[in-house]
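Structure data follow from protein33.pdb (PDB, C-alpha atoms and all ligand atoms):
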ATOM      1  CA  MET A   1    -117.843  44.352 158.192  1.00  0.00           C
ATOM      2  CA  THR A   2    -117.976  47.351 155.859  1.00  0.00           C
ATOM      3  CA  ARG A   3    -121.253  49.247 156.051  1.00  0.00           C
ATOM      4  CA  LEU A   4    -123.257  50.297 153.010  1.00  0.00           C
ATOM      5  CA  SER A   5    -124.628  53.840 152.870  1.00  0.00           C
ATOM      6  CA  VAL A   6    -126.945  54.388 149.903  1.00  0.00           C
ATOM      7  CA  ASN A   7    -126.573  57.785 148.228  1.00  0.00           C
ATOM      8  CA  ILE A   8    -130.021  58.899 147.054  1.00  0.00           C
ATOM      9  CA  ASN A   9    -128.971  61.959 145.012  1.00  0.00           C
ATOM     10  CA  LYS A  10    -130.073  60.347 141.772  1.00  0.00           C
ATOM     11  CA  ILE A  11    -133.541  59.557 143.137  1.00  0.00           C
ATOM     12  CA  ALA A  12    -133.884  63.324 143.601  1.00  0.00           C
ATOM     13  CA  THR A  13    -132.548  63.949 140.082  1.00  0.00           C
ATOM     14  CA  LEU A  14    -135.394  61.828 138.699  1.00  0.00           C
ATOM     15  CA  ARG A  15    -137.962  63.525 140.912  1.00  0.00           C
ATOM     16  CA  ASN A  16    -136.760  66.982 139.887  1.00  0.00           C
ATOM     17  CA  ALA A  17    -137.174  66.135 136.198  1.00  0.00           C
ATOM     18  CA  ARG A  18    -140.940  66.651 136.520  1.00  0.00           C
ATOM     19  CA  GLY A  19    -141.295  69.069 139.425  1.00  0.00           C
ATOM     20  CA  GLY A  20    -143.635  66.800 141.408  1.00  0.00           C
ATOM     21  CA  ASN A  21    -142.834  64.315 144.143  1.00  0.00           C
ATOM     22  CA  THR A  22    -142.301  61.116 142.143  1.00  0.00           C
ATOM     23  CA  PRO A  23    -140.243  59.236 143.092  1.00  0.00           C
ATOM     24  CA  ASN A  24    -140.566  60.245 146.736  1.00  0.00           C
ATOM     25  CA  VAL A  25    -137.060  60.760 148.116  1.00  0.00           C
ATOM     26  CA  CYS A  26    -138.066  60.233 151.762  1.00  0.00           C
ATOM     27  CA  LYS A  27    -139.953  57.025 150.997  1.00  0.00           C
ATOM     28  CA  MET A  28    -136.991  55.733 148.986  1.00  0.00           C
ATOM     29  CA  ALA A  29    -134.633  56.440 151.899  1.00  0.00           C
ATOM     30  CA  LEU A  30    -136.877  54.519 154.275  1.00  0.00           C
ATOM     31  CA  ASP A  31    -137.263  51.668 151.785  1.00  0.00           C
ATOM     32  CA  CYS A  32    -133.482  51.446 151.277  1.00  0.00           C
ATOM     33  CA  GLU A  33    -133.115  51.108 155.046  1.00  0.00           C
ATOM     34  CA  ARG A  34    -135.832  48.422 155.080  1.00  0.00           C
ATOM     35  CA  PHE A  35    -133.942  46.588 152.297  1.00  0.00           C
ATOM     36  CA  GLY A  36    -130.791  46.532 154.446  1.00  0.00           C
ATOM     37  CA  ALA A  37    -128.902  49.784 153.807  1.00  0.00           C
ATOM     38  CA  GLU A  38    -126.915  50.772 156.888  1.00  0.00           C
ATOM     39  CA  GLY A  39    -126.857  54.453 156.071  1.00  0.00           C
ATOM     40  CA  ILE A  40    -128.318  57.113 153.805  1.00  0.00           C
ATOM     41  CA  THR A  41    -126.071  59.655 152.093  1.00  0.00           C
ATOM     42  CA  VAL A  42    -127.099  62.917 150.441  1.00  0.00           C
ATOM     43  CA  HIS A  43    -124.951  65.564 148.779  1.00  0.00           C
ATOM     44  CA  PRO A  44    -126.920  68.810 148.514  1.00  0.00           C
ATOM     45  CA  ARG A  45    -125.254  71.033 145.936  1.00  0.00           C
ATOM     46  CA  PRO A  46    -125.627  74.836 145.837  1.00  0.00           C
ATOM     47  CA  ASP A  47    -127.891  74.717 142.752  1.00  0.00           C
ATOM     48  CA  GLU A  48    -130.066  72.005 144.394  1.00  0.00           C
ATOM     49  CA  ARG A  49    -130.003  70.085 141.137  1.00  0.00           C
ATOM     50  CA  HIS A  50    -130.742  66.882 142.987  1.00  0.00           C
ATOM     51  CA  ILE A  51    -131.040  66.887 146.804  1.00  0.00           C
ATOM     52  CA  ARG A  52    -132.632  70.120 148.023  1.00  0.00           C
ATOM     53  CA  TYR A  53    -131.969  71.716 151.385  1.00  0.00           C
ATOM     54  CA  GLN A  54    -135.606  70.981 152.240  1.00  0.00           C
ATOM     55  CA  ASP A  55    -135.020  67.255 151.521  1.00  0.00           C
ATOM     56  CA  VAL A  56    -132.272  67.261 154.124  1.00  0.00           C
ATOM     57  CA  MET A  57    -134.624  68.758 156.699  1.00  0.00           C
ATOM     58  CA  ASP A  58    -137.357  66.254 155.763  1.00  0.00           C
ATOM     59  CA  LEU A  59    -134.963  63.310 156.017  1.00  0.00           C
ATOM     60  CA  LYS A  60    -133.275  64.261 159.264  1.00  0.00           C
ATOM     61  CA  ASP A  61    -135.940  62.836 161.572  1.00  0.00           C
ATOM     62  CA  LEU A  62    -136.895  59.934 159.290  1.00  0.00           C
ATOM     63  CA  VAL A  63    -133.542  58.247 158.740  1.00  0.00           C
ATOM     64  CA  THR A  64    -132.873  55.777 161.551  1.00  0.00           C
ATOM     65  CA  THR A  65    -129.606  54.373 160.192  1.00  0.00           C
ATOM     66  CA  GLU A  66    -126.538  56.586 159.777  1.00  0.00           C
ATOM     67  CA  PHE A  67    -127.426  59.860 158.055  1.00  0.00           C
ATOM     68  CA  ASN A  68    -124.412  61.224 156.142  1.00  0.00           C
ATOM     69  CA  ILE A  69    -124.486  64.667 154.553  1.00  0.00           C
ATOM     70  CA  GLU A  70    -121.752  65.437 152.041  1.00  0.00           C
ATOM     71  CA  GLY A  71    -120.781  68.740 150.513  1.00  0.00           C
ATOM     72  CA  TYR A  72    -118.545  71.758 150.214  1.00  0.00           C
ATOM     73  CA  PRO A  73    -118.624  73.691 153.491  1.00  0.00           C
ATOM     74  CA  THR A  74    -120.125  77.039 152.472  1.00  0.00           C
ATOM     75  CA  GLU A  75    -121.813  78.966 155.302  1.00  0.00           C
ATOM     76  CA  ASP A  76    -125.222  77.798 153.951  1.00  0.00           C
ATOM     77  CA  PHE A  77    -124.080  74.175 153.975  1.00  0.00           C
ATOM     78  CA  ILE A  78    -122.633  74.485 157.476  1.00  0.00           C
ATOM     79  CA  ASP A  79    -125.895  76.008 158.777  1.00  0.00           C
ATOM     80  CA  LEU A  80    -127.909  73.243 157.141  1.00  0.00           C
ATOM     81  CA  VAL A  81    -125.785  70.485 158.661  1.00  0.00           C
ATOM     82  CA  LEU A  82    -125.858  72.087 162.102  1.00  0.00           C
ATOM     83  CA  LYS A  83    -129.671  72.226 161.891  1.00  0.00           C
ATOM     84  CA  ALA A  84    -130.031  68.669 160.586  1.00  0.00           C
ATOM     85  CA  LYS A  85    -127.525  67.171 163.047  1.00  0.00           C
ATOM     86  CA  PRO A  86    -126.694  64.047 161.012  1.00  0.00           C
ATOM     87  CA  ALA A  87    -124.528  61.244 162.388  1.00  0.00           C
ATOM     88  CA  GLN A  88    -121.771  62.242 159.939  1.00  0.00           C
ATOM     89  CA  VAL A  89    -120.790  65.135 157.707  1.00  0.00           C
ATOM     90  CA  THR A  90    -118.369  64.533 154.829  1.00  0.00           C
ATOM     91  CA  LEU A  91    -116.535  67.596 153.558  1.00  0.00           C
ATOM     92  CA  VAL A  92    -115.891  67.583 149.813  1.00  0.00           C
ATOM     93  CA  PRO A  93    -113.856  70.252 147.956  1.00  0.00           C
ATOM     94  CA  ASP A  94    -116.021  70.321 144.829  1.00  0.00           C
ATOM     95  CA  PRO A  95    -116.583  73.624 143.017  1.00  0.00           C
ATOM     96  CA  PRO A  96    -120.279  74.557 142.500  1.00  0.00           C
ATOM     97  CA  GLU A  97    -120.110  74.091 138.731  1.00  0.00           C
ATOM     98  CA  ALA A  98    -118.596  70.574 138.889  1.00  0.00           C
ATOM     99  CA  ILE A  99    -120.757  67.831 137.359  1.00  0.00           C
ATOM    100  CA  THR A 100    -119.776  65.617 140.270  1.00  0.00           C
ATOM    101  CA  SER A 101    -117.033  65.413 142.892  1.00  0.00           C
ATOM    102  CA  ASN A 102    -113.744  65.254 141.058  1.00  0.00           C
ATOM    103  CA  ALA A 103    -110.934  65.526 143.632  1.00  0.00           C
ATOM    104  CA  GLY A 104    -110.060  65.187 147.284  1.00  0.00           C
ATOM    105  CA  TRP A 105    -108.894  67.983 149.592  1.00  0.00           C
ATOM    106  CA  ASP A 106    -105.381  69.290 149.596  1.00  0.00           C
ATOM    107  CA  THR A 107    -105.369  68.909 153.374  1.00  0.00           C
ATOM    108  CA  VAL A 108    -102.046  70.731 153.771  1.00  0.00           C
ATOM    109  CA  ALA A 109    -103.030  73.903 151.893  1.00  0.00           C
ATOM    110  CA  ASN A 110    -106.518  73.918 153.481  1.00  0.00           C
ATOM    111  CA  LYS A 111    -105.466  72.916 156.980  1.00  0.00           C
ATOM    112  CA  ASP A 112    -106.610  76.070 158.819  1.00  0.00           C
ATOM    113  CA  PHE A 113    -109.956  76.213 156.997  1.00  0.00           C
ATOM    114  CA  LEU A 114    -110.639  72.519 157.646  1.00  0.00           C
ATOM    115  CA  ILE A 115    -109.697  72.805 161.331  1.00  0.00           C
ATOM    116  CA  GLU A 116    -112.124  75.707 161.772  1.00  0.00           C
ATOM    117  CA  VAL A 117    -115.017  73.926 160.018  1.00  0.00           C
ATOM    118  CA  ILE A 118    -114.379  70.586 161.696  1.00  0.00           C
ATOM    119  CA  ASN A 119    -114.322  72.241 165.119  1.00  0.00           C
ATOM    120  CA  ARG A 120    -117.779  73.699 164.465  1.00  0.00           C
ATOM    121  CA  PHE A 121    -119.200  70.278 163.640  1.00  0.00           C
ATOM    122  CA  LYS A 122    -117.414  68.595 166.526  1.00  0.00           C
ATOM    123  CA  ALA A 123    -118.874  71.141 168.937  1.00  0.00           C
ATOM    124  CA  ALA A 124    -122.288  69.917 167.722  1.00  0.00           C
ATOM    125  CA  ASN A 125    -121.298  66.246 168.230  1.00  0.00           C
ATOM    126  CA  ILE A 126    -121.368  65.464 164.510  1.00  0.00           C
ATOM    127  CA  ARG A 127    -118.782  62.966 163.289  1.00  0.00           C
ATOM    128  CA  THR A 128    -116.594  64.426 160.549  1.00  0.00           C
ATOM    129  CA  SER A 129    -115.070  62.847 157.486  1.00  0.00           C
ATOM    130  CA  ILE A 130    -113.053  64.536 154.752  1.00  0.00           C
ATOM    131  CA  PHE A 131    -112.793  63.436 151.139  1.00  0.00           C
ATOM    132  CA  VAL A 132    -109.156  62.761 150.156  1.00  0.00           C
ATOM    133  CA  ASP A 133    -107.143  61.054 147.462  1.00  0.00           C
ATOM    134  CA  THR A 134    -104.529  58.414 148.248  1.00  0.00           C
ATOM    135  CA  ASN A 135    -101.584  60.818 148.470  1.00  0.00           C
ATOM    136  CA  LEU A 136    -100.158  60.065 151.911  1.00  0.00           C
ATOM    137  CA  LYS A 137     -99.431  63.766 152.452  1.00  0.00           C
ATOM    138  CA  ASN A 138    -103.178  64.354 152.304  1.00  0.00           C
ATOM    139  CA  VAL A 139    -103.887  61.440 154.664  1.00  0.00           C
ATOM    140  CA  GLU A 140    -101.353  62.794 157.179  1.00  0.00           C
ATOM    141  CA  GLY A 141    -102.742  66.287 156.637  1.00  0.00           C
ATOM    142  CA  ALA A 142    -106.227  64.963 157.367  1.00  0.00           C
ATOM    143  CA  LYS A 143    -105.044  63.745 160.744  1.00  0.00           C
ATOM    144  CA  ALA A 144    -103.764  67.238 161.511  1.00  0.00           C
ATOM    145  CA  THR A 145    -107.245  68.734 160.897  1.00  0.00           C
ATOM    146  CA  GLY A 146    -108.770  66.747 163.767  1.00  0.00           C
ATOM    147  CA  THR A 147    -111.240  64.888 161.518  1.00  0.00           C
ATOM    148  CA  ASP A 148    -112.606  61.559 162.763  1.00  0.00           C
ATOM    149  CA  ARG A 149    -112.507  59.851 159.384  1.00  0.00           C
ATOM    150  CA  ILE A 150    -111.398  60.215 155.801  1.00  0.00           C
ATOM    151  CA  GLU A 151    -113.360  59.175 152.740  1.00  0.00           C
ATOM    152  CA  LEU A 152    -111.074  57.860 150.011  1.00  0.00           C
ATOM    153  CA  TYR A 153    -112.035  59.218 146.571  1.00  0.00           C
ATOM    154  CA  THR A 154    -112.364  56.006 144.580  1.00  0.00           C
ATOM    155  CA  GLU A 155    -112.858  57.241 141.017  1.00  0.00           C
ATOM    156  CA  PRO A 156    -109.197  56.522 140.072  1.00  0.00           C
ATOM    157  CA  PHE A 157    -109.677  52.983 141.387  1.00  0.00           C
ATOM    158  CA  ALA A 158    -112.895  52.528 139.393  1.00  0.00           C
ATOM    159  CA  ASP A 159    -111.228  53.846 136.235  1.00  0.00           C
ATOM    160  CA  ASN A 160    -108.172  51.553 136.483  1.00  0.00           C
ATOM    161  CA  TYR A 161    -109.928  48.466 137.814  1.00  0.00           C
ATOM    162  CA  PRO A 162    -110.850  46.977 134.411  1.00  0.00           C
ATOM    163  CA  ASN A 163    -107.222  47.251 133.182  1.00  0.00           C
ATOM    164  CA  ASN A 164    -105.299  46.171 136.255  1.00  0.00           C
ATOM    165  CA  PRO A 165    -107.252  45.515 139.473  1.00  0.00           C
ATOM    166  CA  GLU A 166    -104.183  44.925 141.669  1.00  0.00           C
ATOM    167  CA  GLU A 167    -102.466  48.098 140.523  1.00  0.00           C
ATOM    168  CA  ALA A 168    -105.723  50.059 140.830  1.00  0.00           C
ATOM    169  CA  VAL A 169    -106.312  49.064 144.434  1.00  0.00           C
ATOM    170  CA  ARG A 170    -102.732  49.244 145.767  1.00  0.00           C
ATOM    171  CA  PRO A 171    -102.624  52.983 146.627  1.00  0.00           C
ATOM    172  CA  PHE A 172    -105.988  52.639 148.394  1.00  0.00           C
ATOM    173  CA  ALA A 173    -104.764  49.753 150.538  1.00  0.00           C
ATOM    174  CA  ILE A 174    -101.649  51.741 151.484  1.00  0.00           C
ATOM    175  CA  ALA A 175    -103.633  54.913 152.253  1.00  0.00           C
ATOM    176  CA  ALA A 176    -106.196  52.999 154.334  1.00  0.00           C
ATOM    177  CA  GLU A 177    -103.442  51.291 156.327  1.00  0.00           C
ATOM    178  CA  LYS A 178    -101.742  54.633 156.947  1.00  0.00           C
ATOM    179  CA  ALA A 179    -105.021  56.262 158.029  1.00  0.00           C
ATOM    180  CA  HIS A 180    -105.748  53.385 160.402  1.00  0.00           C
ATOM    181  CA  LYS A 181    -102.283  53.677 161.971  1.00  0.00           C
ATOM    182  CA  LEU A 182    -102.946  57.388 162.499  1.00  0.00           C
ATOM    183  CA  GLY A 183    -106.217  56.564 164.259  1.00  0.00           C
ATOM    184  CA  LEU A 184    -108.513  57.751 161.470  1.00  0.00           C
ATOM    185  CA  GLY A 185    -111.626  55.848 160.398  1.00  0.00           C
ATOM    186  CA  VAL A 186    -111.751  55.010 156.693  1.00  0.00           C
ATOM    187  CA  ASN A 187    -114.743  55.460 154.380  1.00  0.00           C
ATOM    188  CA  ALA A 188    -114.679  55.256 150.591  1.00  0.00           C
ATOM    189  CA  GLY A 189    -116.814  56.271 147.680  1.00  0.00           C
ATOM    190  CA  HIS A 190    -117.311  57.491 144.132  1.00  0.00           C
ATOM    191  CA  ASP A 191    -118.009  55.218 141.187  1.00  0.00           C
ATOM    192  CA  LEU A 192    -118.012  52.042 143.251  1.00  0.00           C
ATOM    193  CA  SER A 193    -120.218  49.452 141.564  1.00  0.00           C
ATOM    194  CA  LEU A 194    -121.271  45.813 141.494  1.00  0.00           C
ATOM    195  CA  GLU A 195    -118.323  45.228 139.177  1.00  0.00           C
ATOM    196  CA  ASN A 196    -115.580  46.579 141.448  1.00  0.00           C
ATOM    197  CA  LEU A 197    -116.933  46.704 145.023  1.00  0.00           C
ATOM    198  CA  LYS A 198    -116.169  43.158 146.190  1.00  0.00           C
ATOM    199  CA  PHE A 199    -112.551  43.383 145.056  1.00  0.00           C
ATOM    200  CA  PHE A 200    -112.131  46.804 146.647  1.00  0.00           C
ATOM    201  CA  ASN A 201    -113.574  45.631 149.958  1.00  0.00           C
ATOM    202  CA  GLU A 202    -111.438  42.478 150.013  1.00  0.00           C
ATOM    203  CA  ASN A 203    -108.234  44.394 149.328  1.00  0.00           C
ATOM    204  CA  VAL A 204    -108.574  47.576 151.358  1.00  0.00           C
ATOM    205  CA  PRO A 205    -108.100  46.982 155.074  1.00  0.00           C
ATOM    206  CA  ASN A 206    -110.042  48.689 157.856  1.00  0.00           C
ATOM    207  CA  LEU A 207    -112.850  49.951 155.638  1.00  0.00           C
ATOM    208  CA  ALA A 208    -115.676  51.243 157.845  1.00  0.00           C
ATOM    209  CA  GLU A 209    -118.169  52.385 155.217  1.00  0.00           C
ATOM    210  CA  VAL A 210    -118.800  52.854 151.514  1.00  0.00           C
ATOM    211  CA  SER A 211    -121.310  55.332 150.106  1.00  0.00           C
ATOM    212  CA  ILE A 212    -122.686  54.395 146.711  1.00  0.00           C
ATOM    213  CA  GLY A 213    -125.283  56.131 144.567  1.00  0.00           C
ATOM    214  CA  HIS A 214    -124.879  56.506 140.837  1.00  0.00           C
ATOM    215  CA  ALA A 215    -124.203  52.878 139.879  1.00  0.00           C
ATOM    216  CA  LEU A 216    -126.550  51.514 142.544  1.00  0.00           C
ATOM    217  CA  VAL A 217    -129.520  53.574 141.342  1.00  0.00           C
ATOM    218  CA  ALA A 218    -128.721  52.637 137.729  1.00  0.00           C
ATOM    219  CA  ASP A 219    -128.594  48.942 138.714  1.00  0.00           C
ATOM    220  CA  ALA A 220    -131.953  49.321 140.457  1.00  0.00           C
ATOM    221  CA  LEU A 221    -133.532  50.082 137.061  1.00  0.00           C
ATOM    222  CA  TYR A 222    -132.716  46.519 136.052  1.00  0.00           C
ATOM    223  CA  PHE A 223    -132.878  44.585 139.308  1.00  0.00           C
ATOM    224  CA  GLY A 224    -135.256  46.639 141.466  1.00  0.00           C
ATOM    225  CA  MET A 225    -134.069  48.559 144.531  1.00  0.00           C
ATOM    226  CA  GLU A 226    -134.618  45.763 147.048  1.00  0.00           C
ATOM    227  CA  ASN A 227    -132.567  43.217 145.067  1.00  0.00           C
ATOM    228  CA  THR A 228    -129.932  45.802 144.258  1.00  0.00           C
ATOM    229  CA  VAL A 229    -129.324  46.807 147.870  1.00  0.00           C
ATOM    230  CA  GLN A 230    -128.994  43.110 148.736  1.00  0.00           C
ATOM    231  CA  MET A 231    -126.556  42.545 145.862  1.00  0.00           C
ATOM    232  CA  TYR A 232    -124.327  45.393 147.070  1.00  0.00           C
ATOM    233  CA  LEU A 233    -124.505  44.139 150.651  1.00  0.00           C
ATOM    234  CA  ARG A 234    -123.334  40.707 149.477  1.00  0.00           C
ATOM    235  CA  CYS A 235    -120.211  42.329 147.958  1.00  0.00           C
ATOM    236  CA  LEU A 236    -119.324  43.569 151.446  1.00  0.00           C
ATOM    237  CA  LYS A 237    -119.746  40.269 153.305  1.00  0.00           C
TER     238      LYS A 237
HETATM  239  C1  LIG B 301    -118.486  62.912 147.379  1.00  0.00           C
HETATM  240  C2  LIG B 301    -118.699  62.056 146.241  1.00  0.00           C
HETATM  241  O1  LIG B 301    -117.942  61.238 145.937  1.00  0.00           O
HETATM  242  C3  LIG B 301    -119.789  62.120 145.311  1.00  0.00           C
HETATM  243  O2  LIG B 301    -119.789  60.920 144.670  1.00  0.00           O
HETATM  244  C4  LIG B 301    -121.124  62.484 145.559  1.00  0.00           C
HETATM  245  O3  LIG B 301    -121.647  62.544 146.762  1.00  0.00           O
HETATM  246  C5  LIG B 301    -122.023  62.140 144.418  1.00  0.00           C
HETATM  247  O4  LIG B 301    -122.436  63.304 143.913  1.00  0.00           O
HETATM  248  P1  LIG B 301    -123.352  63.363 142.616  1.00  0.00           P
HETATM  249  O5  LIG B 301    -124.495  62.439 142.837  1.00  0.00           O
HETATM  250  O6  LIG B 301    -123.762  64.794 142.553  1.00  0.00           O
HETATM  251  O7  LIG B 301    -122.530  62.938 141.450  1.00  0.00           O
HETATM  252  N1  LIG B 302    -119.402  59.567 148.651  1.00  0.00           N
HETATM  253  C1  LIG B 302    -119.665  58.929 147.428  1.00  0.00           C
HETATM  254  C2  LIG B 302    -121.114  58.793 147.232  1.00  0.00           C
HETATM  255  O1  LIG B 302    -121.895  59.143 148.081  1.00  0.00           O
HETATM  256  C3  LIG B 302    -121.645  58.212 146.014  1.00  0.00           C
HETATM  257  O2  LIG B 302    -120.858  58.346 144.884  1.00  0.00           O
HETATM  258  P1  LIG B 302    -121.388  57.664 143.535  1.00  0.00           P
HETATM  259  O3  LIG B 302    -121.623  56.200 143.830  1.00  0.00           O
HETATM  260  O4  LIG B 302    -122.674  58.352 143.178  1.00  0.00           O
HETATM  261  O5  LIG B 302    -120.285  57.881 142.543  1.00  0.00           O
END
What does the file become when written as structure tokens?
Ligand SMILES: CC(=O)[C@@H](O)[C@H](O)COP(=O)(O)O
Ligand SMILES: NCC(=O)COP(=O)(O)O
Amino acid sequence: MTRLSVNINKIATLRNARGGNTPNVCKMALDCERFGAEGITVHPRPDERHIRYQDVMDLKDLVTTEFNIEGYPTEDFIDLVLKAKPAQVTLVPDPPEAITSNAGWDTVANKDFLIEVINRFKAANIRTSIFVDTNLKNVEGAKATGTDRIELYTEPFADNYPNNPEEAVRPFAIAAEKAHKLGLGVNAGHDLSLENLKFFNENVPNLAEVSIGHALVADALYFGMENTVQMYLRCLK
């Protein structure tokens, strides 16, 4: 069964709006786990506009499910991850000024860089995942970096789903199958939602994990966090 990792970036965005500690990011992570989440994801960005480096250090000993830290591997990010020792690190090629992640790695052009970074995390026994699109060259290139998993960048699926669900999901099913044949684990994320998650999960084989934040936190405004986590889990059954 596909596991649900709740991305709590947007809880930190709300907290940061006032400078205090409401809502409490650590408490929300623990509550999400209590409500059934099988992992907690954070994506500290260089400007700390949502998750701060200190949040990562505060969460590292509290999270008892899978702790997944995502981000661009600057030296500061690498140091942080090596200190926090999460279960998984997901490398994302997003430029600092990007509003959100907007592309996967070109794993061929960045092969040497990715190999070097991945080796540092592997030496610390941290599972690695790299964010890629569905281009099979990038999936094959991911294998050559030595990563344990890939995370498929699902925004193109989410965008096309309302027009043509079958066409939207097809490249993801093919990429996931290819990754599985190569011995890579398959995660997915970005813009997955209550609208599109069930269909994605039913049509993409070998999916180990999805990380979901933006839509899930927005849904929690209407349904409450406990109900919302349960609703997302039901899409993955
Ligand atoms: C890696 C990825 O897909 C992102 O979705 C991300 O982790 C979310 O980041 P923001 O919350 O900053 O949009
Ligand atoms: N890796 C994707 C993630 O953590 C959450 O993305 P989103 O649901 O906030 O778009």
Run through the PyMOL selection byres (((chain A and resi 89) around 6) and not hetatm) on the given coordinates and return the selected residues as a list in words.
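Applied to this file, the PyMOL selection byres (((chain A and resi 89) around 6) and not hetatm) selects Asn68, Ile69, Glu70, Gln88, Thr90 and Thr128 of chain A.
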Output check: residues returned by the PyMOL selection byres (((not hetatm)) within 6 of (chain B and resi 301)), as a ChimeraX atom specification:
/A:9,43,92,100-101,189-190
On this structure, the PyMOL selection byres (((chain A and resi 110) around 12) and not hetatm) would catch which residues? List them as a ChimeraX atom specification, sorted by chain and number.
/A:91-93,104-109,111-118,130,132,138,141-142,144-145
Just-selected residues, C-alpha atoms written as a PDB file, in the coordinates of the input:
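Wrote out_31.pdb, looks like this:
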ATOM      1  CA  LEU A  91    -116.535  67.596 153.558  1.00  0.00           C
ATOM      2  CA  VAL A  92    -115.891  67.583 149.813  1.00  0.00           C
ATOM      3  CA  PRO A  93    -113.856  70.252 147.956  1.00  0.00           C
ATOM      4  CA  GLY A 104    -110.060  65.187 147.284  1.00  0.00           C
ATOM      5  CA  TRP A 105    -108.894  67.983 149.592  1.00  0.00           C
ATOM      6  CA  ASP A 106    -105.381  69.290 149.596  1.00  0.00           C
ATOM      7  CA  THR A 107    -105.369  68.909 153.374  1.00  0.00           C
ATOM      8  CA  VAL A 108    -102.046  70.731 153.771  1.00  0.00           C
ATOM      9  CA  ALA A 109    -103.030  73.903 151.893  1.00  0.00           C
ATOM     10  CA  LYS A 111    -105.466  72.916 156.980  1.00  0.00           C
ATOM     11  CA  ASP A 112    -106.610  76.070 158.819  1.00  0.00           C
ATOM     12  CA  PHE A 113    -109.956  76.213 156.997  1.00  0.00           C
ATOM     13  CA  LEU A 114    -110.639  72.519 157.646  1.00  0.00           C
ATOM     14  CA  ILE A 115    -109.697  72.805 161.331  1.00  0.00           C
ATOM     15  CA  GLU A 116    -112.124  75.707 161.772  1.00  0.00           C
ATOM     16  CA  VAL A 117    -115.017  73.926 160.018  1.00  0.00           C
ATOM     17  CA  ILE A 118    -114.379  70.586 161.696  1.00  0.00           C
ATOM     18  CA  ILE A 130    -113.053  64.536 154.752  1.00  0.00           C
ATOM     19  CA  VAL A 132    -109.156  62.761 150.156  1.00  0.00           C
ATOM     20  CA  ASN A 138    -103.178  64.354 152.304  1.00  0.00           C
ATOM     21  CA  GLY A 141    -102.742  66.287 156.637  1.00  0.00           C
ATOM     22  CA  ALA A 142    -106.227  64.963 157.367  1.00  0.00           C
ATOM     23  CA  ALA A 144    -103.764  67.238 161.511  1.00  0.00           C
ATOM     24  CA  THR A 145    -107.245  68.734 160.897  1.00  0.00           C
TER      25      THR A 145
END
Would you please work out which residue, of A:Ala87, A:Ala98, A:Leu197, A:Val6, is nearest to ligand LIG 302 (chain B) when using only C-alpha atoms and all ligand atoms?
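The closest residue to ligand LIG 302 (chain B) is A:Val6.
Residues lying within 8 Å of Leu62 of chain A, counting all atoms listed in the file and ignoring same-chain neighbours fewer than 4 positions away, are Cys26, Leu30 and Asp58 of chain A.
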